[in-house]
Amino acid sequence: MTDRIFKISPDGSTTIEPRSVDPPGEDAPNPEDSAAKKKAEAQKQKDRLADQALQEMTFSTHVLSLNATALYHLGLLEEDGETGPTDFESAAQVIDTLAMLKDKTRGNLNETETRLLDTVLYDLRVQYARLHK
């Protein structure tokens, strides 16, 4: 089993690192058993792939995550060819959260982060107004 360790550096960036933890008790695989070895190696490979799929958490990835959440609540994200349910109250809350982040971080973001936040907020507000008549 792999746990993840979240580390925050002095500059505010967050990294996620894997930390292996052996299962407690008698459930631990016997290293001499070749089937158990293969299973353990397959699990390690699966854990490595899952760790690679995670991106470093930055302000931009957080904004994009909130954007995806709002789009989901607006019913604009497709999963398996079908759109999700609409929940305008939740979508509005996420949009308000992004607006609050914009206000609270004014003057502290670089140009790229500011442009991303402005664009995401504008697009979400237009989609919300278009869908919630």
# chains A, B, ... in the order shown; residues from 1 in each chain; ligands from 1

call {"tool": "residues_around", "arguments": {"residues": "A:Thr114", "least_positions_apart": "6", "cutoff": "12 Å", "atoms": "only C-alpha atoms", "output": "PyMOL selection string"}}
result
chain A and resi 59-60+63+98-99+101-103+105-108+120-121

call {"tool": "closest_residue", "arguments": {"among": "A:Leu117, A:Leu124, A:Ile95, A:Leu131", "to": "A:Thr61", "atoms": "only C-alpha atoms"}}
result
A:Leu117

call {"tool": "residues_around", "arguments": {"residues": "A:His132", "least_positions_apart": "5", "cutoff": "12 Å", "atoms": "only C-alpha atoms", "output": "number ranges by chain"}}
result
A: 73-75, 86-89, 91-92, 124-127

call {"tool": "select_by_dssp", "arguments": {"residues": "stretch 52-91 of chain A", "states": "helix (DSSP H, G or I)", "output": "compact mmCIF listing (two decimals) with N, CA and C atoms, in the first residue's frame"}}
result
# COMPACT_ATOMS: atom_id res chain seq x y z
N GLN A 52 2.38 9.28 -10.72
CA GLN A 52 2.77 10.09 -11.87
C GLN A 52 1.58 10.89 -12.40
N ALA A 53 0.38 10.35 -12.26
CA ALA A 53 -0.81 11.02 -12.77
C ALA A 53 -1.14 12.29 -11.99
N PHE A 59 -1.34 27.27 -7.75
CA PHE A 59 -2.53 28.11 -7.78
C PHE A 59 -3.32 27.84 -9.06
N SER A 60 -2.62 27.71 -10.18
CA SER A 60 -3.29 27.48 -11.47
C SER A 60 -4.02 26.15 -11.51
N THR A 61 -3.41 25.08 -10.98
CA THR A 61 -4.10 23.80 -10.99
C THR A 61 -5.31 23.83 -10.05
N HIS A 62 -5.22 24.60 -8.97
CA HIS A 62 -6.36 24.74 -8.07
C HIS A 62 -7.51 25.47 -8.78
N VAL A 63 -7.19 26.53 -9.50
CA VAL A 63 -8.21 27.27 -10.25
C VAL A 63 -8.84 26.36 -11.30
N LEU A 64 -8.02 25.59 -12.00
CA LEU A 64 -8.55 24.68 -13.03
C LEU A 64 -9.41 23.58 -12.41
N SER A 65 -9.05 23.13 -11.22
CA SER A 65 -9.86 22.13 -10.53
C SER A 65 -11.23 22.70 -10.16
N LEU A 66 -11.23 23.93 -9.64
CA LEU A 66 -12.50 24.59 -9.32
C LEU A 66 -13.32 24.83 -10.58
N ASN A 67 -12.66 25.16 -11.68
CA ASN A 67 -13.34 25.34 -12.95
C ASN A 67 -14.04 24.05 -13.37
N ALA A 68 -13.33 22.94 -13.28
CA ALA A 68 -13.91 21.65 -13.65
C ALA A 68 -15.10 21.31 -12.75
N THR A 69 -14.99 21.64 -11.48
CA THR A 69 -16.10 21.39 -10.55
C THR A 69 -17.33 22.20 -10.94
N ALA A 70 -17.12 23.47 -11.27
CA ALA A 70 -18.24 24.33 -11.68
C ALA A 70 -18.85 23.82 -12.98
N LEU A 71 -18.01 23.43 -13.93
CA LEU A 71 -18.53 22.90 -15.20
C LEU A 71 -19.34 21.63 -14.98
N TYR A 72 -18.89 20.80 -14.04
CA TYR A 72 -19.64 19.59 -13.70
C TYR A 72 -21.02 19.96 -13.17
N HIS A 73 -21.07 20.91 -12.26
CA HIS A 73 -22.35 21.31 -11.67
C HIS A 73 -23.26 21.99 -12.68
N PHE A 88 -27.31 24.29 -10.06
CA PHE A 88 -26.95 25.69 -10.20
C PHE A 88 -26.49 26.32 -8.89
N GLU A 89 -27.05 25.87 -7.78
CA GLU A 89 -26.63 26.41 -6.48
C GLU A 89 -25.17 26.09 -6.20
N SER A 90 -24.77 24.84 -6.47
CA SER A 90 -23.37 24.45 -6.25
C SER A 90 -22.45 25.15 -7.24
N ALA A 91 -22.90 25.28 -8.48
CA ALA A 91 -22.10 25.99 -9.49
C ALA A 91 -21.88 27.44 -9.06
